[in-house]
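Source file: structure_11.cif. Holds: mmCIF, C-alpha atoms.
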data_start
loop_
_atom_site.label_atom_id
_atom_site.label_comp_id
_atom_site.auth_asym_id
_atom_site.auth_seq_id
_atom_site.Cartn_x
_atom_site.Cartn_y
_atom_site.Cartn_z
CA MET A 875 68.44 -17.95 150.52
CA THR A 876 65.49 -17.41 152.82
CA LEU A 877 62.19 -15.69 152.21
CA ALA A 878 63.24 -12.66 154.28
CA THR A 879 66.46 -12.11 152.27
CA LEU A 880 64.56 -12.42 148.99
CA LEU A 881 61.97 -9.91 150.14
CA VAL A 882 64.61 -7.46 151.36
CA VAL A 883 66.37 -7.64 147.97
CA ALA A 884 63.02 -7.04 146.26
CA ALA A 885 62.31 -4.08 148.57
CA ALA A 886 65.74 -2.58 147.79
CA VAL A 887 65.16 -2.84 144.03
CA PHE A 888 61.68 -1.35 144.50
CA ALA A 889 63.10 1.62 146.45
CA ILE A 890 65.82 2.22 143.83
CA GLY A 891 63.16 2.21 141.12
CA LEU A 892 61.03 4.62 143.16
CA PHE A 893 63.97 7.00 143.36
CA GLY A 894 64.28 6.82 139.56
CA VAL A 895 60.58 7.51 139.06
CA LEU A 896 60.71 10.53 141.37
CA ALA A 897 64.01 11.99 140.23
CA ARG A 898 64.57 11.16 136.55
CA ARG A 899 63.84 14.03 134.20
CA HIS A 900 63.64 12.13 130.91
CA ALA A 901 60.27 10.44 130.31
CA ILE A 902 61.87 7.21 129.05
CA GLY A 903 64.10 7.16 132.14
CA VAL A 904 60.95 7.23 134.27
CA LEU A 905 59.49 4.34 132.23
CA LEU A 906 62.68 2.32 132.78
CA SER A 907 62.44 2.95 136.53
CA ILE A 908 58.80 1.83 136.50
CA GLU A 909 59.98 -1.41 134.87
CA LEU A 910 62.47 -1.82 137.70
CA MET A 911 59.77 -1.38 140.35
CA PHE A 912 57.54 -3.84 138.53
CA ASN A 913 60.35 -6.36 138.38
CA ALA A 914 60.84 -6.04 142.15
CA VAL A 915 57.14 -6.71 142.75
CA ASN A 916 57.32 -9.81 140.53
CA LEU A 917 60.32 -11.03 142.47
CA ALA A 918 58.42 -10.61 145.75
CA ILE A 919 55.39 -12.49 144.40
CA VAL A 920 57.52 -15.38 143.14
CA SER A 921 59.42 -15.54 146.44
CA ILE A 922 56.24 -15.84 148.46
CA ALA A 923 54.81 -18.37 145.99
CA TRP A 924 58.03 -20.37 146.31
CA SER A 925 58.00 -20.32 150.10
CA ARG A 926 54.34 -21.36 150.30
CA GLY A 927 54.32 -23.73 147.32
CA LEU A 928 51.58 -21.75 145.57
CA LEU A 929 51.49 -22.27 141.83
CA ALA A 930 48.94 -19.46 141.43
CA GLY A 931 51.71 -16.94 142.12
CA VAL A 932 53.46 -17.99 138.93
CA VAL A 933 50.23 -17.50 136.97
CA LEU A 934 49.82 -14.06 138.57
CA VAL A 935 53.33 -13.05 137.50
CA LEU A 936 52.69 -14.31 133.96
CA PHE A 937 49.60 -12.11 133.74
CA GLY A 938 51.52 -9.20 135.22
CA ILE A 939 54.31 -9.49 132.65
CA ALA A 940 51.81 -9.48 129.78
CA ILE A 941 50.06 -6.41 131.22
CA THR A 942 53.38 -4.59 131.59
CA VAL A 943 54.20 -5.21 127.96
CA ALA A 944 50.92 -3.53 127.02
CA GLU A 945 51.63 -0.67 129.42
CA ILE A 946 55.11 -0.08 128.01
CA ALA A 947 53.81 -0.07 124.44
CA VAL A 948 51.22 2.60 125.25
CA GLY A 949 53.67 4.57 127.40
CA LEU A 950 56.28 4.68 124.65
CA ALA A 951 53.62 5.74 122.15
CA LEU A 952 52.77 8.61 124.51
CA VAL A 953 56.46 9.57 124.72
CA LEU A 954 56.73 9.59 120.93
CA LEU A 955 53.58 11.71 120.74
CA ALA A 956 55.01 14.16 123.28
CA SER A 957 58.26 14.41 121.37
CA ARG A 958 56.33 15.25 118.20
CA VAL A 959 53.67 17.60 119.58
CA ALA A 960 55.47 19.32 122.47
CA LYS A 961 58.96 18.90 120.95
CA SER A 962 60.28 17.67 124.29
CA VAL A 963 60.53 14.50 126.34
CA ILE A 964 61.81 16.21 129.49
CA LEU A 965 59.04 15.98 132.05
CA ASP A 966 59.61 19.49 133.43
CA ASP A 967 58.74 20.90 130.01
CA LEU A 968 55.50 18.96 129.87
CA SER A 969 53.91 20.40 133.02
CA GLU A 970 51.25 22.48 131.27
CA LEU A 971 48.39 21.11 133.37
CA LYS A 972 49.95 22.65 136.48
CA GLY A 973 47.37 24.81 138.26
CA MET B 1096 76.38 -23.43 146.29
CA ARG B 1097 72.77 -22.32 145.95
CA ASP B 1098 73.29 -19.54 148.46
CA LEU B 1099 76.47 -18.43 146.71
CA ALA B 1100 74.64 -18.23 143.36
CA PHE B 1101 71.79 -16.34 144.99
CA PHE B 1102 74.00 -13.73 146.62
CA GLY B 1103 75.96 -13.27 143.39
CA LEU B 1104 72.76 -12.76 141.43
CA ALA B 1105 71.35 -10.42 144.08
CA ALA B 1106 74.53 -8.32 143.99
CA CYS B 1107 74.30 -8.14 140.16
CA LEU B 1108 70.62 -7.20 140.43
CA LEU B 1109 71.22 -4.39 142.92
CA ALA B 1110 74.24 -3.01 141.05
CA ALA B 1111 72.31 -3.01 137.77
CA ALA B 1112 69.31 -1.36 139.46
CA VAL B 1113 71.52 1.45 140.78
CA ALA B 1114 73.02 1.83 137.31
CA VAL B 1115 69.53 2.18 135.78
CA VAL B 1116 68.69 5.24 137.86
CA THR B 1117 72.17 6.81 137.90
CA ALA B 1118 73.39 6.30 134.32
CA LYS B 1119 73.97 9.56 132.50
CA SER B 1120 73.18 8.10 129.10
CA LEU B 1121 69.77 6.49 128.73
CA PHE B 1122 71.21 3.83 126.42
CA ARG B 1123 73.40 2.71 129.31
CA ALA B 1124 70.34 2.73 131.56
CA VAL B 1125 68.56 0.41 129.09
CA PHE B 1126 71.42 -2.06 129.09
CA ALA B 1127 71.65 -1.91 132.88
CA LEU B 1128 67.93 -2.66 133.01
CA SER B 1129 68.43 -5.66 130.75
CA ALA B 1130 71.18 -6.89 133.09
CA ALA B 1131 68.83 -6.47 136.06
CA LEU B 1132 66.07 -8.40 134.29
CA VAL B 1133 68.42 -11.26 133.37
CA ALA B 1134 69.67 -11.41 136.98
CA THR B 1135 66.05 -11.63 138.11
CA ALA B 1136 65.50 -14.47 135.65
CA GLY B 1137 68.45 -16.21 137.29
CA VAL B 1138 66.80 -15.80 140.70
CA TYR B 1139 63.59 -17.30 139.23
CA LEU B 1140 65.65 -20.31 138.13
CA LEU B 1141 66.96 -20.69 141.67
CA LEU B 1142 63.38 -20.46 142.94
CA SER B 1143 62.54 -23.43 140.68
CA ALA B 1144 60.39 -21.45 138.27
CA PRO B 1145 62.14 -22.05 134.91
CA LEU B 1146 59.03 -21.15 132.91
CA LEU B 1147 59.01 -17.67 134.42
CA ALA B 1148 62.72 -17.26 133.75
CA ALA B 1149 62.15 -18.09 130.08
CA VAL B 1150 59.20 -15.69 129.79
CA GLN B 1151 61.17 -12.97 131.55
CA ILE B 1152 64.07 -13.21 129.12
CA LEU B 1153 61.94 -13.65 125.99
CA LEU B 1154 59.34 -10.96 126.71
CA TYR B 1155 61.25 -8.37 128.70
CA THR B 1156 64.81 -8.56 127.61
CA GLY B 1157 63.82 -9.44 124.08
CA GLY B 1158 60.66 -7.48 123.49
CA VAL B 1159 60.34 -4.52 125.80
CA LEU B 1160 63.96 -3.41 125.59
CA THR B 1161 63.85 -3.47 121.79
CA LEU B 1162 60.82 -1.19 121.99
CA VAL B 1163 62.57 1.14 124.43
CA VAL B 1164 65.72 1.39 122.31
CA PHE B 1165 63.56 2.13 119.28
CA ALA B 1166 61.74 4.91 121.15
CA LEU B 1167 65.07 6.30 122.39
CA VAL B 1168 66.37 6.51 118.85
CA VAL B 1169 63.22 8.28 117.65
CA ALA B 1170 62.65 10.59 120.63
CA GLY B 1171 66.30 11.41 121.25
CA ALA B 1172 68.31 10.23 124.25
CA ASN B 1173 70.74 13.07 124.76
CA THR B 1174 68.33 15.91 125.40
CA GLU B 1175 68.67 15.40 129.13
CA GLY B 1176 70.42 18.27 130.87
CA ALA B 1177 70.76 17.53 134.56
CA ARG B 1178 70.12 13.90 135.38
CA TRP B 1179 67.82 14.37 138.32
CA ARG B 1180 65.25 16.79 139.60
CA GLN B 1181 65.29 17.22 143.39
CA PRO B 1182 67.30 14.07 144.17
CA LEU B 1183 67.43 14.60 147.93
CA PRO B 1184 63.69 14.45 148.71
CA ALA B 1185 63.39 11.54 146.27
CA ALA B 1186 66.22 9.66 147.99
CA PHE B 1187 64.69 10.31 151.41
CA MET B 1188 61.28 9.11 150.22
CA SER B 1189 62.60 5.90 148.65
CA LEU B 1190 64.76 5.19 151.70
CA ALA B 1191 61.68 5.52 153.91
CA VAL B 1192 59.75 3.15 151.64
CA PHE B 1193 62.63 0.66 151.72
CA VAL B 1194 62.81 0.71 155.52
CA VAL B 1195 59.07 0.14 155.88
CA LEU B 1196 59.08 -2.70 153.32
CA ALA B 1197 62.16 -4.38 154.80
CA VAL B 1198 60.81 -4.23 158.34
CA SER B 1199 57.47 -5.67 157.28
CA ALA B 1200 59.25 -8.39 155.26
CA ARG B 1201 61.18 -9.38 158.39
CA ALA B 1202 57.89 -9.61 160.29
CA LEU B 1203 56.47 -12.14 157.80
CA PRO B 1204 56.41 -15.67 159.21
CA ALA B 1205 58.73 -17.96 157.27
CA ALA B 1206 56.86 -21.04 156.14
CA SER B 1207 58.68 -24.28 155.60
CA HIS B 1208 59.15 -24.24 151.88
CA VAL B 1209 57.38 -26.75 149.70
CA SER B 1210 58.93 -27.43 146.31
CA GLY B 1211 55.67 -27.10 144.43
CA LEU B 1212 56.72 -24.65 141.76
CA GLU B 1213 58.57 -26.94 139.45
CA SER B 1214 56.15 -28.10 136.83
CA GLY B 1215 55.48 -25.93 133.81
CA LYS B 1216 52.77 -28.41 132.88
CA ASP B 1217 50.84 -27.61 136.06
CA VAL B 1218 51.10 -23.89 135.34
CA GLY B 1219 49.64 -24.50 131.87
CA LEU B 1220 46.78 -26.58 133.27
CA LEU B 1221 46.04 -23.93 135.89
CA LEU B 1222 46.16 -21.18 133.26
CA PHE B 1223 43.62 -22.92 131.03
CA SER B 1224 41.25 -24.17 133.72
CA ASP B 1225 40.93 -21.86 136.73
CA TYR B 1226 42.28 -18.76 135.05
CA LEU B 1227 40.72 -19.15 131.60
CA VAL B 1228 38.53 -16.03 131.78
CA PRO B 1229 41.38 -13.68 132.87
CA PHE B 1230 43.51 -15.23 130.13
CA GLU B 1231 40.96 -14.38 127.45
CA LEU B 1232 40.43 -10.90 128.92
CA LEU B 1233 44.19 -10.42 128.70
CA SER B 1234 44.08 -10.98 124.94
CA VAL B 1235 41.42 -8.26 124.69
CA LEU B 1236 43.66 -5.96 126.74
CA LEU B 1237 46.65 -6.63 124.48
CA LEU B 1238 44.54 -5.92 121.40
CA GLY B 1239 43.38 -2.66 122.95
CA ALA B 1240 46.95 -1.71 123.80
CA VAL B 1241 48.09 -2.36 120.23
CA PHE B 1242 45.28 -0.22 118.81
CA GLY B 1243 45.90 2.50 121.39
CA ALA B 1244 49.61 2.62 120.69
CA LEU B 1245 48.98 2.76 116.93
CA LEU B 1246 46.43 5.54 117.37
CA LEU B 1247 48.70 7.60 119.59
CA ALA B 1248 51.88 7.22 117.59
CA ARG B 1249 50.66 7.60 114.02
CA LYS B 1250 51.72 10.65 112.06
CA ASP B 1251 48.66 11.70 110.05
CA ARG B 1252 46.19 12.82 112.68
CA PRO B 1253 42.90 14.11 111.32
CA GLU B 1254 42.18 17.27 113.32
#

Turn the structure described in the file into structure tokens.
Amino acid sequence: MTLATLLVVAAAVFAIGLFGVLARRHAIGVLLSIELMFNAVNLAIVSIAWSRGLLAGVVLVLFGIAITVAEIAVGLALVLLASRVAKSVILDDLSELKG
Amino acid sequence: MRDLAFFGLAACLLAAAVAVVTAKSLFRAVFALSAALVATAGVYLLLSAPLLAAVQILLYTGGVLTLVVFALVVAGANTEGARWRQPLPAAFMSLAVFVVLAVSARALPAASHVSGLESGKDVGLLLFSDYLVPFELLSVLLLGAVFGALLLARKDRPE
């Protein structure tokens, strides 16, 4: 368990989440993939904090988790609003701002 | 022993992450995400950050996933036709990002690790001394998020 292995695992999870964000068609699926990417970033921060003995990294991740909770609450409210107003949660159907 | 636990947890994490983006049913994706988050909490334990592991399980796996399941029930999970839109460019893009990140992670100098992450007490002291202002700002942000979510999701909108 070295820093490089930890960071490669985090990078792999980040890339998988990026694929989900780009390719998922359901809005909640995209939100789940964003959570995955965020989790990978947290893992990378904690790994570096662990390898350098920096306690501030843990505080940073705590703040990040709280901010994500707020983000998910607002994002899900937007999804519910879309399902009520536009009658769809598939992102291709919600592309009305397309120029 | 430690390495064995780490590689087991990493394998669980990666498998669950793949399941999140490939699962046909979004309910399965939610449960795969919860498995990935719990595996990450296990890695935090190995990295001697038990406080983070507890917060991860309580907030994420407890709180966020309940919210997501609730939204899935209300918004409808099975309206998804094809799973993916343009999977090939997306796969190419994320593979490129992975290669860049992995190469730059290899280039990072490995410091001799200091076991300075152990104390939850120190995290609390740090949180309420050096990081007091961000902490209070965070409570304002959470309040704003609650009001915003309520405003967006309520039914009787005055037009």

By how many Å are atom CA of Phe912 of chain A and atom CA of Val1169 of chain B apart? 24.8 Å

Carefully work through the PyMOL selection byres ((chain A and resi 916-928) around 10) for this structure and note down the residues it includes, as a PyMOL selection string. (chain A and resi 876-885+887-888+910-915+929-936+938-939) or (chain B and resi 1135-1136+1138-1139+1142-1144+1147+1200+1205-1213)

Would you please work out which residue, of B:Val1125, B:Val1113, B:Val1192, B:Leu1233, is nearest to Phe1165 of chain B when using all atoms listed in the file?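 Among the listed residues, B:Val1125 lies closest to Phe1165 of chain B.
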
Restricting the calculation to only C-alpha atoms: of A:Ala956, A:Val948, A:Lys961, A:Thr942, which residue gets closest to chain B? A:Val948

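Using only C-alpha atoms for every distance, the candidate list B:Leu1154, B:Val1198, B:Val1218, B:Leu1104 yields B:Leu1154 as the residue closest to Ala940 of chain A.
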
I need the output of the PyMOL selection byres ((chain B and resi 1188) around 12) for this file as a list in words; which residues are they? Phe888, Ala889, Ile890, Gly891, Leu892, Phe893, Gly894, Val895, Leu896 and Ala897 of chain A; Gln1181, Pro1182, Leu1183, Pro1184, Ala1185, Ala1186, Phe1187, Ser1189, Leu1190, Ala1191, Val1192, Phe1193, Val1194 and Val1195 of chain B

When you count all atoms listed in the file, which of these residues is closest to Val1116 of chain B: A:Val904, A:Gly949, A:Leu968, A:Ala886?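 Smallest separation from Val1116 of chain B among the options: A:Val904.
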
Residues near segment 1117-1124 of chain B, cut-off 12 Å, only C-alpha atoms, skip fewer than 6 positions along chain, as a PyMOL selection string: (chain A and resi 890-891+893-895+897-907+909-910) or (chain B and resi 1110-1111+1130-1131+1160-1161+1163-1168+1170-1179+1182)

Neighbourhood query: residues within 9 Å of (50.8, -0.6, 127.7), file coordinates, counting all atoms listed in the file; return as an MDAnalysis selection string. (chainID A and resid 941:951) or (chainID B and resid 1236:1237 1240:1241 1243:1244)

Under the rule that all atoms listed in the file are counted, which of A:Leu971, A:Ala960, A:Ile908, A:Val953 is the nearest residue to chain B?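 Closest to chain B, using all atoms listed in the file: A:Val953.
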
Between atom CA of Phe937 of chain A and atom CA of Phe1126 of chain B - distance in Å to one decimal: 24.5 Å

Atomic distance atom CA of Leu955 of chain A - atom CA of Ile1152 of chain B, expressed in Å with one decimal: 28.3 Å

From the set B:Ala1100, B:Ala1197, B:Leu1153, B:Leu1238, which residue has the shortest atom-to-atom contact distance to chain A, counting all atoms listed in the file?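 The answer is B:Ala1197, which sits nearest to chain A.
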